[in-house]
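The structure appears below as structure tokens.
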Amino acid sequence: MKRFNKKKLPSRHTSLGPEKAGQRAFYYAMNLTEKDIKKPFVGVVTTWNEAAPCNIALMRQSQSVKKGVKLNGGTPREFCTIAVTDGIAMGHEGMKSSLISRDVIADSTELTVRGHCYDALVGVAACDKTLPGLMMAMLRLNVPSVFMYGGSILPGRFNGKDVTVADVFECVGKHAIGKMSTAALKKLESKACPSAGACGGQFTANTMACVSEAIGLALPYSAGTPAPYKQRDRYALSSGKAVMNLLEKNIRPRDIVTRKALENAATIVAATGGSTNAGLHLPAIANEIGIKFDLMDVAKIFKKTPYLADLKPGGKYVAKDMWKAGGVPMLLKTLLDGGYIHGDCMTVTGKTMRENLRNVKFNSKQKVMRKHNNPLSPDGGVVGLKGNLAPEGAIVKIAGLKKLQFTGRAKCFDTEEAAYKAVQKRKYRDGDIIIIRYEGPKGGPGMREMLQTTGAIYGQGKGDKVALITDGRFSGATRGFCIGHVGPEASIGGPIALLKNGDIIDLDAKKGIIHVRLSKKELMRRRKKWKPKKMNFGSGTLWKYAQTVGPAYLGAATHPGGKKEVRVYADI
């Protein structure tokens with residue numbers, strides 16, 4: 001009995017019947033046999049490139065994925081899509097390309113699969129926006145799919161301690177004020193990133209890698225193994241096999257990613273003190289299937305989740321340590337035991353989350369993760385804020401923060417460059433709240449991260465002396481009282497656009513408040529006088545993005561999503 005009926009799969013449009021002889025001729029040109037062409041076609045997409053270490057190991061891993069597909073009765077078709085690496089794009093205009101790349105990744109993957117009528121998809125990604133980009137494409141297409149993280153970088157060693165690239169950004173600030181020599185900074189930069197792989201702390205890449213397992217789109221333990229280790233290739237092989245099992249059983253991404261699965265994803269972000277960018281990516285993933293799961297829905301989950309994993313930048317350990325301690329499944333197991341996640345969600349194993357975790361035991365000898373009833377703190381590591389300065393919400397990472405309230409005077413900048421220049425020259429005072437605006441999804445355009453600025457502040461020893469508020473966003477490596485995703489954004493006349501130097505702002509991460517001490521009447525008076533800024537781009541991709549992008553609290557999506565879908569690709 002045949003496992004797959006090609007006549008019911010999308011690839012029939014490019015491979016079956018006399019009228020498809022022209023298409024088959026192209027496959028023969030690539031050394032496929034008649035037998036290969038009769039099998040299901042499986043897209044194997046990676047974000048491999050030579051832009052940065054994050055993605056450099058992905059082509060190696062994709063070969064193992066292809067072997068797994070072949071072993072289980074499929075014909076793999078490998079392709080690559082883009083990646084913009086934040087560590088290199090950071091601190092200059094290149095960062096405007098970063099968030100946009102997420103949607104280009106999703107769009108280009110969709111177009112490749114649609115154009116060639118692939119029946120299933122395995123995606124391997126490693127750098128921040130590549131992970132949600134591929135997951136978004138999987139849900140949009142809804143063909144059986146497996147996601148796999150390409151793995152984290154190994155930690156660097158400097159002065160006897162583990163270091164990450166975040167330490168380098170912070171030491172740039174130390175160097176600027178004479179607290180670190182040029183020779184020491186040079187030594188650090190040469191030691192901080194010793195291998196292939198994505199940034200090693202619980203920054204955006206590792207946060208979304210944890211999400212991939214918690215949301216059910218990745219095989220258990222696949223998020224943990226560092227990129228250079230050959231053990232990672234075994235997960236790649238298994239991912240290739242798993243997608244064929246899903247195709248046989250017709251288990252699709254939308255059978256896996258439900259409202260409950262999204263809640264599980266938000267839970268692991270909070271439990272690991274993960275990146276605030278998850279508050280942007282989870283709503284965008286939900287948008288693909290027409291589920292409303294906005295920033296404040298994510299924040300509700302954060303508020304009731306204990307903070308369990310002691311990971312950088314707020315904590316002590318890196319991704320490799322979490323992997324050695326027991327990996328994502330061990331953390332999921334204690335969250336399940338505490339009633340914090342839904343165990344009945346389907347996963348790419350073909351089994352439920354509860355079934356996957358049945359034999360996982362908590363290792364009490366390790367120090368990286370805590371049990372659900374012995375948390376680092378009872379609240380999640382990330383908090384949502386709301387108030388008259390952010391009616392649509394905002395987000396702040398509190399993992400590692402000692403001070404959860406802050407009141408200060410606004411010091412306003414209309415670009416990140418202007419703010420960074422002022423920080424470099426120390427043109428700010430203790431107690432200031434630095435405002436960086438017109439950096440939202442539409443206004444930037446592209447919603448830049450501010451790691452260069454926040455890293456410099458921390459390097460100057462002022463991480464707990466000042467706060468920062470932006471309608472842009474932050475790197476997962478950012479620490480300190482830094483609030484991002486403020487909405488509505490400045491470019492459309494949000495309250496952040498109306499602020500003046502000296503306005504007093506109250507922040508309370510415990511109560512979830514972001515409030516400027518201005519009356520409704522005063523805000524209305526200022527709004528009448530406000531004039532929109534002219535956009536810096538009149539053509540090209542950034543201009544095009546600004547025309548379609550939605551608000552940050554809904555994930556900065558660039559299309560209507562599942563709610564407006566007429567027909568899903570998988571059913572063509």
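Naming works like this for the structure tokens: A, B, ... for the chains as they're shown, residue 1 at the start of each chain, ligands 1 onward in shown order.
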Considering only C-alpha atoms, tabulate each residue of region 537-556 of chain A that lies at most 9 Å from region 438-461 of chain A along with its nearest interatomic pair and the corresponding distance in Å to one decimal; arrange the rows by chain and ascending residue number and present them as CSV.
```
residue,atom,partner,partner_atom,distance
A:Phe537,CA,A:Pro445,CA,8.4
A:Leu542,CA,A:Pro445,CA,6.3
A:Trp543,CA,A:Pro445,CA,7.6
A:Tyr545,CA,A:Pro445,CA,7.4
A:Ala546,CA,A:Lys442,CA,4.7
A:Gln547,CA,A:Lys442,CA,7.6
A:Thr548,CA,A:Lys442,CA,8.4
A:Val549,CA,A:Lys442,CA,6.3
A:Gly550,CA,A:Pro441,CA,7.5
A:Pro551,CA,A:Pro441,CA,7.0
A:Ala552,CA,A:Pro441,CA,6.8
A:Ala556,CA,A:Pro441,CA,6.5
```
Per residue of region 136-248 of chain A within 10 Å of region 416-435 of chain A, record the nearest atom pair and its distance in Å to one decimal, counting only C-alpha atoms, with rows in chain order and ascending residue number, as a tab-separated table.
```
residue	atom	partner	partner_atom	distance
A:Val172	CA	A:Gln424	CA	9.7
A:Gly173	CA	A:Gln424	CA	7.5
A:Ala176	CA	A:Gln424	CA	6.9
A:Ile177	CA	A:Gln424	CA	8.4
```
Query raised in the report: Among region 32-278 of chain A, which ones does DSSP place in strand (DSSP E), written as a list in words?
Result: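 The residues of region 32-278 of chain A classed as strand (DSSP E) are Phe41, Val42, Gly43, Val44, Val45, Thr46, Thr75, Pro76, Arg77, Glu78, Phe79, Cys80, Ala120, Leu121, Val122, Gly123, Val124, Ala125, Ser145, Val146, Phe147, Met148, Tyr149, Gly156, Arg157, Phe158, Lys161, Asp162 and Val163 of chain A.
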Requested in this report: Find the distance between CA of Lys324 (chain A) and CA of Ser62 (chain A) and write it in Å to one decimal.
Outcome: 23.8 Å
Report task. Kindly indicate which residue among A:Asp321, A:Asp233, A:Glu110, A:Glu248 lies nearest to Asp162 (chain A), using only C-alpha atoms for the distances. Result -> A:Asp321
Query raised in the report: Mind pulling up the distance from CA of Thr407 (chain A) to CA of Ile505 (chain A)?
Result: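 It comes out at 5.7 Å.
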Report task. Find the residues near Thr112 (chain A): any atom within 10 Å, counting only C-alpha atoms, skip ones fewer than 2 places away on the same chain, and give them as a PyMOL selection string. Result -> chain A and resi 43+45+79-81+107-110+114-118
Query raised in the report: What is the distance, in Å and to one decimal place, between CA of Met353 (chain A) and CA of Asn264 (chain A)?
Result: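 About the pair CA of Met353 (chain A) and CA of Asn264 (chain A): they are 10.0 Å apart.
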Query raised in the report: When distances are computed from only C-alpha atoms, which of A:Leu111, A:Ala51, A:Gln61, A:Gly384 shows the smallest separation from Gln231 (chain A)?
Result: A:Gln61
Requested in this report: Any chance you could list, as a PyMOL selection string, the residues in region 226-397 of chain A that come up alpha helix (DSSP H) when DSSP is run on the backbone?
Outcome: chain A and resi 231-249+253-256+259-271+278-288+295-303+319-325+327-337+353-357
Query raised in the report: Skipping near chain neighbours, those fewer than 5 positions away, what residues fall within 8 Å of region 526-536 of chain A using only C-alpha atoms, listed as a PyMOL selection string?
Result: chain A and resi 443+491-493+497-498
Query raised in the report: So which one's closest to Phe293 (chain A), A:Arg259, A:Lys333, A:Lys241, A:Lys361? Using only C-alpha atoms, please.
Result: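 Residue with the minimum atom-to-atom distance to Phe293 (chain A): A:Arg259.
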For region 165-258 of chain A against region 67-71 of chain A, with a cut-off of 9 Å and counting only C-alpha atoms, what is the closest atom pair and its distance in Å to one decimal for every residue that makes the cut, ordered by chain and number, as a tab-separated table?
```
residue	atom	partner	partner_atom	distance
A:Ala236	CA	A:Gly68	CA	7.6
A:Leu237	CA	A:Gly68	CA	4.5
A:Ser238	CA	A:Gly68	CA	6.1
A:Ser239	CA	A:Gly68	CA	7.0
A:Gly240	CA	A:Gly68	CA	4.1
A:Lys241	CA	A:Gly68	CA	4.5
A:Ala242	CA	A:Gly68	CA	8.1
A:Val243	CA	A:Val69	CA	7.4
A:Met244	CA	A:Val69	CA	6.5
```
Query raised in the report: Could you pull the residues within 12 Å of Gly150 (chain A), counting only C-alpha atoms, minus those fewer than 3 positions along the same chain, as a ChimeraX atom specification?
Result: /A:45-48,53-62,65,123-128,130-131,147,153,196-199,205-206,208-209,212,218,222-236,239
Requested in this report: Extract, using only C-alpha atoms, all DNA, RNA and protein residues at most 7 Å from Thr347 (chain A), discarding same-chain residues fewer than 6 positions from it, and format them as a VMD selection string.
Outcome: chain A and resid 216 to 217 256 353
Prev. selection, C-alpha atoms, output as a short mmCIF file (atom, residue, chain, number, x, y, z; two decimals), in the first residue's frame:
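Resulting contents of again-v1.cif:
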```cif
data_model
loop_
_atom_site.label_atom_id
_atom_site.label_comp_id
_atom_site.auth_asym_id
_atom_site.auth_seq_id
_atom_site.Cartn_x
_atom_site.Cartn_y
_atom_site.Cartn_z
CA GLY A 216 5.09 22.35 18.88
CA LEU A 217 6.76 23.05 15.50
CA ILE A 256 -0.34 22.23 15.95
CA MET A 353 3.14 17.87 24.48
#
```
**Report entry** Spatial neighbours of region 10-21 of chain A, 8 Å, only C-alpha atoms, chain gap at least 5 places, as a list in words
**Finding:**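 So, after excluding close chain neighbours, the residues are Ile37, Lys38, Pro40, Phe41, His116, Cys117, Tyr118, Asp119, Ala570, Asp571 and Ile572 of chain A.
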Print the selection's residues with all heavy atoms to a file, as a PDB file, in the first residue's frame.
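The result, written out as result-v2.pdb:
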```pdb
ATOM      1  N   ILE A  37      10.665  11.625  -9.022  1.00  0.00           N
ATOM      2  CA  ILE A  37       9.623  12.586  -9.418  1.00  0.00           C
ATOM      3  C   ILE A  37       8.244  12.126  -8.958  1.00  0.00           C
ATOM      4  O   ILE A  37       7.350  12.948  -8.697  1.00  0.00           O
ATOM      5  CB  ILE A  37       9.665  12.821 -10.943  1.00  0.00           C
ATOM      6  CG1 ILE A  37      11.002  13.469 -11.332  1.00  0.00           C
ATOM      7  CG2 ILE A  37       8.509  13.710 -11.407  1.00  0.00           C
ATOM      8  CD1 ILE A  37      11.276  13.526 -12.825  1.00  0.00           C
ATOM      9  N   LYS A  38       8.074  10.821  -8.814  1.00  0.00           N
ATOM     10  CA  LYS A  38       6.778  10.287  -8.376  1.00  0.00           C
ATOM     11  C   LYS A  38       6.567  10.408  -6.867  1.00  0.00           C
ATOM     12  O   LYS A  38       5.470  10.185  -6.368  1.00  0.00           O
ATOM     13  CB  LYS A  38       6.652   8.830  -8.806  1.00  0.00           C
ATOM     14  CG  LYS A  38       6.418   8.664 -10.301  1.00  0.00           C
ATOM     15  CD  LYS A  38       6.289   7.199 -10.688  1.00  0.00           C
ATOM     16  CE  LYS A  38       5.993   7.071 -12.182  1.00  0.00           C
ATOM     17  NZ  LYS A  38       5.911   5.653 -12.602  1.00  0.00           N
ATOM     18  N   PRO A  40       6.614  12.566  -3.086  1.00  0.00           N
ATOM     19  CA  PRO A  40       6.294  13.937  -2.653  1.00  0.00           C
ATOM     20  C   PRO A  40       7.534  14.825  -2.695  1.00  0.00           C
ATOM     21  O   PRO A  40       8.642  14.379  -2.384  1.00  0.00           O
ATOM     22  CB  PRO A  40       5.815  13.744  -1.206  1.00  0.00           C
ATOM     23  CG  PRO A  40       5.392  12.320  -1.112  1.00  0.00           C
ATOM     24  CD  PRO A  40       6.292  11.564  -2.037  1.00  0.00           C
ATOM     25  N   PHE A  41       7.341  16.078  -3.080  1.00  0.00           N
ATOM     26  CA  PHE A  41       8.424  17.059  -3.089  1.00  0.00           C
ATOM     27  C   PHE A  41       8.400  17.823  -1.755  1.00  0.00           C
ATOM     28  O   PHE A  41       7.365  18.395  -1.384  1.00  0.00           O
ATOM     29  CB  PHE A  41       8.269  18.044  -4.245  1.00  0.00           C
ATOM     30  CG  PHE A  41       8.534  17.448  -5.603  1.00  0.00           C
ATOM     31  CD1 PHE A  41       8.003  18.044  -6.745  1.00  0.00           C
ATOM     32  CD2 PHE A  41       9.312  16.322  -5.756  1.00  0.00           C
ATOM     33  CE1 PHE A  41       8.249  17.515  -7.998  1.00  0.00           C
ATOM     34  CE2 PHE A  41       9.572  15.774  -7.005  1.00  0.00           C
ATOM     35  CZ  PHE A  41       9.033  16.373  -8.136  1.00  0.00           C
ATOM     36  N   HIS A 116       6.643  26.256  -6.973  1.00  0.00           N
ATOM     37  CA  HIS A 116       7.129  24.931  -7.359  1.00  0.00           C
ATOM     38  C   HIS A 116       6.255  23.803  -6.816  1.00  0.00           C
ATOM     39  O   HIS A 116       6.572  22.632  -7.003  1.00  0.00           O
ATOM     40  CB  HIS A 116       8.579  24.763  -6.903  1.00  0.00           C
ATOM     41  CG  HIS A 116       9.467  25.843  -7.440  1.00  0.00           C
ATOM     42  ND1 HIS A 116       9.803  26.968  -6.720  1.00  0.00           N
ATOM     43  CD2 HIS A 116      10.039  26.006  -8.658  1.00  0.00           C
ATOM     44  CE1 HIS A 116      10.565  27.758  -7.461  1.00  0.00           C
ATOM     45  NE2 HIS A 116      10.717  27.207  -8.649  1.00  0.00           N
ATOM     46  N   CYS A 117       5.175  24.193  -6.130  1.00  0.00           N
ATOM     47  CA  CYS A 117       4.172  23.221  -5.655  1.00  0.00           C
ATOM     48  C   CYS A 117       4.778  22.137  -4.769  1.00  0.00           C
ATOM     49  O   CYS A 117       4.590  20.937  -5.000  1.00  0.00           O
ATOM     50  CB  CYS A 117       3.435  22.591  -6.842  1.00  0.00           C
ATOM     51  SG  CYS A 117       2.428  23.762  -7.761  1.00  0.00           S
ATOM     52  N   TYR A 118       5.495  22.556  -3.727  1.00  0.00           N
ATOM     53  CA  TYR A 118       6.040  21.586  -2.786  1.00  0.00           C
ATOM     54  C   TYR A 118       4.941  21.110  -1.834  1.00  0.00           C
ATOM     55  O   TYR A 118       4.008  21.847  -1.512  1.00  0.00           O
ATOM     56  CB  TYR A 118       7.214  22.182  -2.011  1.00  0.00           C
ATOM     57  CG  TYR A 118       8.411  22.502  -2.881  1.00  0.00           C
ATOM     58  CD1 TYR A 118       9.311  23.503  -2.530  1.00  0.00           C
ATOM     59  CD2 TYR A 118       8.655  21.791  -4.060  1.00  0.00           C
ATOM     60  CE1 TYR A 118      10.412  23.794  -3.324  1.00  0.00           C
ATOM     61  CE2 TYR A 118       9.753  22.081  -4.863  1.00  0.00           C
ATOM     62  CZ  TYR A 118      10.621  23.081  -4.497  1.00  0.00           C
ATOM     63  OH  TYR A 118      11.713  23.376  -5.290  1.00  0.00           O
ATOM     64  N   ASP A 119       5.103  19.877  -1.364  1.00  0.00           N
ATOM     65  CA  ASP A 119       4.063  19.216  -0.568  1.00  0.00           C
ATOM     66  C   ASP A 119       4.271  19.348   0.932  1.00  0.00           C
ATOM     67  O   ASP A 119       3.351  19.131   1.714  1.00  0.00           O
ATOM     68  CB  ASP A 119       4.026  17.724  -0.912  1.00  0.00           C
ATOM     69  CG  ASP A 119       3.805  17.484  -2.393  1.00  0.00           C
ATOM     70  OD1 ASP A 119       2.933  18.154  -2.961  1.00  0.00           O
ATOM     71  OD2 ASP A 119       4.528  16.646  -2.979  1.00  0.00           O
ATOM     72  N   ALA A 570      -2.099  24.752   0.897  1.00  0.00           N
ATOM     73  CA  ALA A 570      -2.010  23.297   1.011  1.00  0.00           C
ATOM     74  C   ALA A 570      -3.155  22.570   0.305  1.00  0.00           C
ATOM     75  O   ALA A 570      -3.026  21.383  -0.021  1.00  0.00           O
ATOM     76  CB  ALA A 570      -1.969  22.884   2.474  1.00  0.00           C
ATOM     77  N   ASP A 571      -4.254  23.256   0.058  1.00  0.00           N
ATOM     78  CA  ASP A 571      -5.422  22.623  -0.551  1.00  0.00           C
ATOM     79  C   ASP A 571      -5.558  22.893  -2.050  1.00  0.00           C
ATOM     80  O   ASP A 571      -6.612  22.635  -2.629  1.00  0.00           O
ATOM     81  CB  ASP A 571      -6.698  23.094   0.163  1.00  0.00           C
ATOM     82  CG  ASP A 571      -6.734  22.641   1.614  1.00  0.00           C
ATOM     83  OD1 ASP A 571      -6.216  21.550   1.900  1.00  0.00           O
ATOM     84  OD2 ASP A 571      -7.265  23.386   2.462  1.00  0.00           O
ATOM     85  N   ILE A 572      -4.507  23.423  -2.683  1.00  0.00           N
ATOM     86  CA  ILE A 572      -4.638  23.709  -4.122  1.00  0.00           C
ATOM     87  C   ILE A 572      -4.794  22.415  -4.929  1.00  0.00           C
ATOM     88  O   ILE A 572      -4.277  21.379  -4.542  1.00  0.00           O
ATOM     89  CB  ILE A 572      -3.441  24.521  -4.671  1.00  0.00           C
ATOM     90  CG1 ILE A 572      -2.120  23.724  -4.572  1.00  0.00           C
ATOM     91  CG2 ILE A 572      -3.341  25.866  -3.977  1.00  0.00           C
ATOM     92  CD1 ILE A 572      -0.996  24.366  -5.344  1.00  0.00           C
TER      93      ILE A 572
END
```
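Minimum atom-to-atom distances from A:Phe158, A:Phe203, A:Tyr149, A:Tyr221 to Leu357 (chain A) were compared using only C-alpha atoms, and the lowest value belongs to A:Tyr221.
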**Report entry** Among the residues A:Pro253, A:Pro132, A:Pro76, A:Gly200, the one that comes closest to Ala284 (chain A) [using only C-alpha atoms]
**Finding:** A:Pro132
